[in-house]
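Report on one structure; see the data block that follows.
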Amino acid sequence: MTQLHIGADAVDIMVADVARYGALGVETGSLLLTPPGEPTVTVVALAGVAGIERHPGLLIFSAAALNPLFSYAEDTGLQLRAQVHSHMHDAFLSHTDKTGNIRMPGFIASVIPDFGTPSADPTVWGWWAFDGDDWTPIDAAVVTTQTTKVITFDADGVR
């Protein structure tokens with residue numbers, strides 16, 4: 001599987017978002033968008049509020065929250081390439097993560113552990129790719145100096 005390339009600016013924004021919600025004792029997450037077939041993340045889509053459920057051990061993106069993001073991706077010629085979300089303690093894929101995530105070959109899932117004090121080092125996050133049957137561990141994203149667009153998505157749209 002190809003490693004993602006993600007800007008340090010995007011990593012900092014995702015980690016700050018995780019810490020913000022981690023201080024409230026709940027998980028949060030984002031989706032990473034790339035040009036089709038490319039490893040470079042050009043857009044980080046942070047989860048908003050409408051149609052997003054956050055709990056200490058569970059994060060749910062409703063279809064109503066995801067639909068505007070899929071439309072945005074289609075309109076901008078991008079693809080949803082990876083989902084990053086936080087866990088209270090360890091970086092692992094729970095049963096819910098394995099079954100409730102986008103299960104498309106090549107789709108990547110990442111878990112940022114210790115949501116109260118998350119690390120900005122993606123090598124301590126967990127990384128997996130769906131191979132068509134199961135989630136296989138992969139190498140962490142490569143951090144670059146590129147500038148990344150950041151948006152927020154939820155059932156109220158993309159902004």
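In the structure tokens, the first chain shown is A, the next is B, and so on; residue numbers restart at 1 for each chain, and ligands run from 1 in the order shown.
Residues surrounding Trp127 (chain A) within 6 Å are Ala109, Ser110, Pro137, Ile138 and Ala140 of chain A [only C-alpha atoms; sequence separation below 5 positions excluded].
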- Which of chain A fall in strand (DSSP E or B), as an MDAnalysis selection string: chainID A and resid 5:7 29:34 40 43:47 52:55 58:61 79:86 108:112 126:130 135:137 142:144 149:154 157:158
- Nearest to Phe153 (chain A) among A:Ile6, A:Gly48, A:Asp75, A:Pro113, with distances taken over only C-alpha atoms: which residue is it? A:Gly48
- Item | For Thr42 (chain A): contacts at 12 Å, only C-alpha atoms, fewer than 3 positions along chain excluded, given as number ranges by chain | A: 4-10, 31-36, 38-39, 45, 73, 76-82, 144-151
Expected file: the selected residues, C-alpha atoms, as a compact mmCIF listing (two decimals), in the first residue's frame:
# COMPACT_ATOMS: atom_id res chain seq x y z
CA LEU A 4 -0.03 8.97 2.32
CA HIS A 5 1.79 12.29 2.20
CA ILE A 6 0.29 14.86 4.53
CA GLY A 7 1.32 18.40 5.34
CA ALA A 8 2.60 19.26 8.82
CA ASP A 9 -0.07 21.99 8.90
CA ALA A 10 -2.80 19.36 8.51
CA LEU A 31 -11.44 12.40 6.48
CA LEU A 32 -8.49 12.92 4.16
CA LEU A 33 -9.01 13.66 0.48
CA THR A 34 -6.55 13.16 -2.37
CA PRO A 35 -6.60 13.40 -6.13
CA PRO A 36 -7.61 9.96 -7.51
CA GLU A 38 -2.40 10.01 -5.68
CA PRO A 39 -0.89 9.75 -2.16
CA ALA A 45 -12.24 17.43 6.31
CA ALA A 73 -15.26 15.35 -3.37
CA THR A 76 -13.70 19.00 -6.82
CA GLY A 77 -12.36 15.85 -8.49
CA LEU A 78 -11.05 14.38 -5.25
CA GLN A 79 -11.57 11.07 -3.47
CA LEU A 80 -12.04 10.19 0.18
CA ARG A 81 -8.83 8.31 0.81
CA ALA A 82 -8.56 7.90 4.58
CA THR A 144 5.62 17.07 4.26
CA THR A 145 5.81 20.87 4.09
CA GLN A 146 2.88 21.19 1.69
CA THR A 147 -0.05 23.45 2.51
CA THR A 148 -3.34 21.62 3.05
CA LYS A 149 -6.86 22.94 2.66
CA VAL A 150 -9.01 22.39 5.75
CA ILE A 151 -12.79 22.16 5.63
- Message: If I take CA of Pro122 (chain A) and CA of Val142 (chain A), how far is one from the other in Å, to one decimal?
- Response: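 The value is 8.0 Å.
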- Query: What does the distance from CA of Ala64 (chain A) to CA of Gly51 (chain A) come to in Å, to one decimal?
  - Reply: 6.2 Å
- Distance query Gly100 (chain A) at most 12 Å, only C-alpha atoms, self and fewer than 2 positions along chain excluded, as a PyMOL selection string: chain A and resi 58-63+83+93-98+102-104+109
Would you output that residue set with N, CA and C atoms, as a PDB file, in the first residue's frame?
ATOM      1  N   LEU A  58     -16.623   5.890  20.974  1.00  0.00           N
ATOM      2  CA  LEU A  58     -17.342   5.712  19.714  1.00  0.00           C
ATOM      3  C   LEU A  58     -17.505   7.039  18.990  1.00  0.00           C
ATOM      4  N   LEU A  59     -17.272   7.011  17.687  1.00  0.00           N
ATOM      5  CA  LEU A  59     -17.493   8.153  16.808  1.00  0.00           C
ATOM      6  C   LEU A  59     -18.335   7.663  15.644  1.00  0.00           C
ATOM      7  N   ILE A  60     -19.436   8.373  15.368  1.00  0.00           N
ATOM      8  CA  ILE A  60     -20.319   7.967  14.276  1.00  0.00           C
ATOM      9  C   ILE A  60     -20.536   9.147  13.340  1.00  0.00           C
ATOM     10  N   PHE A  61     -20.236   8.926  12.059  1.00  0.00           N
ATOM     11  CA  PHE A  61     -20.569   9.877  10.997  1.00  0.00           C
ATOM     12  C   PHE A  61     -21.846   9.358  10.344  1.00  0.00           C
ATOM     13  N   SER A  62     -22.934  10.089  10.441  1.00  0.00           N
ATOM     14  CA  SER A  62     -24.177   9.653   9.802  1.00  0.00           C
ATOM     15  C   SER A  62     -24.078   9.816   8.289  1.00  0.00           C
ATOM     16  N   ALA A  63     -24.967   9.140   7.587  1.00  0.00           N
ATOM     17  CA  ALA A  63     -25.043   9.306   6.130  1.00  0.00           C
ATOM     18  C   ALA A  63     -25.335  10.761   5.789  1.00  0.00           C
ATOM     19  N   GLN A  83      -9.670   7.803   6.698  1.00  0.00           N
ATOM     20  CA  GLN A  83     -10.381   8.319   7.859  1.00  0.00           C
ATOM     21  C   GLN A  83      -9.428   8.247   9.035  1.00  0.00           C
ATOM     22  N   LEU A  93      -7.791  -0.897  15.889  1.00  0.00           N
ATOM     23  CA  LEU A  93      -9.093  -0.862  15.221  1.00  0.00           C
ATOM     24  C   LEU A  93     -10.049  -1.745  16.012  1.00  0.00           C
ATOM     25  N   SER A  94     -11.066  -1.119  16.563  1.00  0.00           N
ATOM     26  CA  SER A  94     -12.101  -1.865  17.282  1.00  0.00           C
ATOM     27  C   SER A  94     -12.961  -2.619  16.267  1.00  0.00           C
ATOM     28  N   HIS A  95     -13.809  -3.495  16.772  1.00  0.00           N
ATOM     29  CA  HIS A  95     -14.750  -4.199  15.895  1.00  0.00           C
ATOM     30  C   HIS A  95     -15.597  -3.182  15.120  1.00  0.00           C
ATOM     31  N   THR A  96     -16.054  -2.146  15.807  1.00  0.00           N
ATOM     32  CA  THR A  96     -16.858  -1.098  15.152  1.00  0.00           C
ATOM     33  C   THR A  96     -16.047  -0.397  14.073  1.00  0.00           C
ATOM     34  N   ASP A  97     -14.771  -0.098  14.369  1.00  0.00           N
ATOM     35  CA  ASP A  97     -13.908   0.542  13.368  1.00  0.00           C
ATOM     36  C   ASP A  97     -13.758  -0.341  12.132  1.00  0.00           C
ATOM     37  N   LYS A  98     -13.561  -1.629  12.358  1.00  0.00           N
ATOM     38  CA  LYS A  98     -13.336  -2.564  11.255  1.00  0.00           C
ATOM     39  C   LYS A  98     -14.575  -2.757  10.391  1.00  0.00           C
ATOM     40  N   ILE A 102     -15.328   2.794   5.964  1.00  0.00           N
ATOM     41  CA  ILE A 102     -15.434   2.581   4.524  1.00  0.00           C
ATOM     42  C   ILE A 102     -14.567   1.374   4.180  1.00  0.00           C
ATOM     43  N   ARG A 103     -15.192   0.345   3.661  1.00  0.00           N
ATOM     44  CA  ARG A 103     -14.491  -0.913   3.378  1.00  0.00           C
ATOM     45  C   ARG A 103     -14.315  -1.054   1.867  1.00  0.00           C
ATOM     46  N   MET A 104     -13.438  -0.236   1.339  1.00  0.00           N
ATOM     47  CA  MET A 104     -13.140  -0.229  -0.075  1.00  0.00           C
ATOM     48  C   MET A 104     -11.640  -0.506  -0.223  1.00  0.00           C
ATOM     49  N   ALA A 109      -7.393   3.646   7.246  1.00  0.00           N
ATOM     50  CA  ALA A 109      -7.909   4.058   8.555  1.00  0.00           C
ATOM     51  C   ALA A 109      -6.719   4.331   9.458  1.00  0.00           C
TER      52      ALA A 109
END
- Message: Could you list, as a ChimeraX atom specification, every residue within 9 Å of Val11 (chain A), counting only C-alpha atoms and ignoring same-chain residues fewer than 6 positions away?
- Response: /A:120-122,143
- Task: Choose the residue, out of A:Ala141, A:Ile13, A:Val26, A:Ala65, that has the smallest atom-to-atom separation from Val41 (chain A); count only C-alpha atoms.
- Result: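 Closest to Val41 (chain A), using only C-alpha atoms: A:Ala141.
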- Item | Residue contacts of Leu24 (chain A) (10 Å, only C-alpha atoms) excluding same-chain residues fewer than 2 positions away, as JSON, numbers by chain | {"A": [18, 19, 20, 21, 22, 26, 27, 54, 55, 56, 115, 116]}
Save out the residues we just selected, N, CA and C atoms, as an mmCIF file, in the first residue's frame.
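Once written, result08.cif looks like this:
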data_model
loop_
_atom_site.group_PDB
_atom_site.id
_atom_site.type_symbol
_atom_site.label_atom_id
_atom_site.label_comp_id
_atom_site.auth_asym_id
_atom_site.auth_seq_id
_atom_site.Cartn_x
_atom_site.Cartn_y
_atom_site.Cartn_z
ATOM 1 N N VAL A 18 -8.378 16.859 17.846
ATOM 2 C CA VAL A 18 -8.454 15.689 18.735
ATOM 3 C C VAL A 18 -8.303 16.122 20.191
ATOM 4 N N ALA A 19 -7.347 17.001 20.478
ATOM 5 C CA ALA A 19 -7.129 17.469 21.854
ATOM 6 C C ALA A 19 -8.347 18.234 22.372
ATOM 7 N N ARG A 20 -8.958 19.029 21.496
ATOM 8 C CA ARG A 20 -10.157 19.801 21.884
ATOM 9 C C ARG A 20 -11.279 18.875 22.334
ATOM 10 N N TYR A 21 -11.569 17.871 21.529
ATOM 11 C CA TYR A 21 -12.632 16.939 21.888
ATOM 12 C C TYR A 21 -12.173 15.952 22.963
ATOM 13 N N GLY A 22 -10.901 15.611 22.962
ATOM 14 C CA GLY A 22 -10.368 14.737 23.998
ATOM 15 C C GLY A 22 -10.507 15.357 25.379
ATOM 16 N N VAL A 26 -14.304 12.727 24.606
ATOM 17 C CA VAL A 26 -14.949 12.032 23.492
ATOM 18 C C VAL A 26 -14.026 11.946 22.280
ATOM 19 N N GLU A 27 -14.318 10.966 21.436
ATOM 20 C CA GLU A 27 -13.585 10.783 20.188
ATOM 21 C C GLU A 27 -14.016 11.825 19.157
ATOM 22 N N ARG A 54 -20.408 11.827 19.030
ATOM 23 C CA ARG A 54 -19.120 11.623 19.702
ATOM 24 C C ARG A 54 -19.373 11.073 21.099
ATOM 25 N N HIS A 55 -18.636 10.014 21.429
ATOM 26 C CA HIS A 55 -18.728 9.380 22.746
ATOM 27 C C HIS A 55 -17.309 9.030 23.198
ATOM 28 N N PRO A 56 -17.129 8.618 24.470
ATOM 29 C CA PRO A 56 -15.790 8.245 24.930
ATOM 30 C C PRO A 56 -15.162 7.103 24.129
ATOM 31 N N PHE A 115 -6.311 10.560 23.286
ATOM 32 C CA PHE A 115 -6.970 11.772 22.791
ATOM 33 C C PHE A 115 -6.890 12.977 23.721
ATOM 34 N N GLY A 116 -6.551 12.782 24.975
ATOM 35 C CA GLY A 116 -6.372 13.920 25.874
ATOM 36 C C GLY A 116 -5.072 14.658 25.640
#
- Query: Where does DSSP see alpha helix (DSSP H) in chain A, if you list the residues as a VMD selection string?
  - Reply: chain A and resid 8 to 22 63 to 76 95 to 100
Residue subset to file, keeping C-alpha atoms, as a PDB file, in the first residue's frame:
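What ended up in selection_14.pdb:
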ATOM      1  CA  ALA A   8       2.596  19.255   8.818  1.00  0.00           C
ATOM      2  CA  ASP A   9      -0.066  21.987   8.900  1.00  0.00           C
ATOM      3  CA  ALA A  10      -2.803  19.360   8.508  1.00  0.00           C
ATOM      4  CA  VAL A  11      -1.280  17.148  11.201  1.00  0.00           C
ATOM      5  CA  ASP A  12      -1.233  20.098  13.624  1.00  0.00           C
ATOM      6  CA  ILE A  13      -4.876  20.953  12.866  1.00  0.00           C
ATOM      7  CA  MET A  14      -6.045  17.348  13.292  1.00  0.00           C
ATOM      8  CA  VAL A  15      -4.121  16.964  16.558  1.00  0.00           C
ATOM      9  CA  ALA A  16      -5.563  20.233  17.909  1.00  0.00           C
ATOM     10  CA  ASP A  17      -9.065  19.027  16.994  1.00  0.00           C
ATOM     11  CA  VAL A  18      -8.454  15.689  18.735  1.00  0.00           C
ATOM     12  CA  ALA A  19      -7.129  17.469  21.854  1.00  0.00           C
ATOM     13  CA  ARG A  20     -10.157  19.801  21.884  1.00  0.00           C
ATOM     14  CA  TYR A  21     -12.632  16.939  21.888  1.00  0.00           C
ATOM     15  CA  GLY A  22     -10.368  14.737  23.998  1.00  0.00           C
ATOM     16  CA  ALA A  63     -25.043   9.306   6.130  1.00  0.00           C
ATOM     17  CA  ALA A  64     -26.502  12.817   6.360  1.00  0.00           C
ATOM     18  CA  ALA A  65     -23.096  14.104   7.490  1.00  0.00           C
ATOM     19  CA  LEU A  66     -21.124  12.157   4.867  1.00  0.00           C
ATOM     20  CA  ASN A  67     -23.345  12.953   1.866  1.00  0.00           C
ATOM     21  CA  PRO A  68     -22.234  16.610   1.553  1.00  0.00           C
ATOM     22  CA  LEU A  69     -18.589  15.518   1.771  1.00  0.00           C
ATOM     23  CA  PHE A  70     -19.016  12.924  -0.990  1.00  0.00           C
ATOM     24  CA  SER A  71     -20.665  15.621  -3.128  1.00  0.00           C
ATOM     25  CA  TYR A  72     -17.784  18.019  -2.379  1.00  0.00           C
ATOM     26  CA  ALA A  73     -15.261  15.351  -3.372  1.00  0.00           C
ATOM     27  CA  GLU A  74     -17.076  14.645  -6.621  1.00  0.00           C
ATOM     28  CA  ASP A  75     -17.416  18.366  -7.441  1.00  0.00           C
ATOM     29  CA  THR A  76     -13.695  19.005  -6.819  1.00  0.00           C
ATOM     30  CA  HIS A  95     -14.750  -4.199  15.895  1.00  0.00           C
ATOM     31  CA  THR A  96     -16.858  -1.098  15.152  1.00  0.00           C
ATOM     32  CA  ASP A  97     -13.908   0.542  13.368  1.00  0.00           C
ATOM     33  CA  LYS A  98     -13.336  -2.564  11.255  1.00  0.00           C
ATOM     34  CA  THR A  99     -16.975  -3.054  10.265  1.00  0.00           C
ATOM     35  CA  GLY A 100     -18.337   0.496  10.248  1.00  0.00           C
TER      36      GLY A 100
END
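By chain and then residue number, the residues within 7 Å of Ile112 (chain A) are A:His85, A:Ser86, A:His87, A:Ala91, A:Phe115, A:Pro118, A:Trp125, A:Gly126, counting only C-alpha atoms and disregarding those fewer than 3 positions away in sequence.
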- Provide the CA of Val111 (chain A) to CA of Val44 (chain A) distance in Å, to one decimal place.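 Going from CA of Val111 (chain A) over to CA of Val44 (chain A) covers 15.1 Å.
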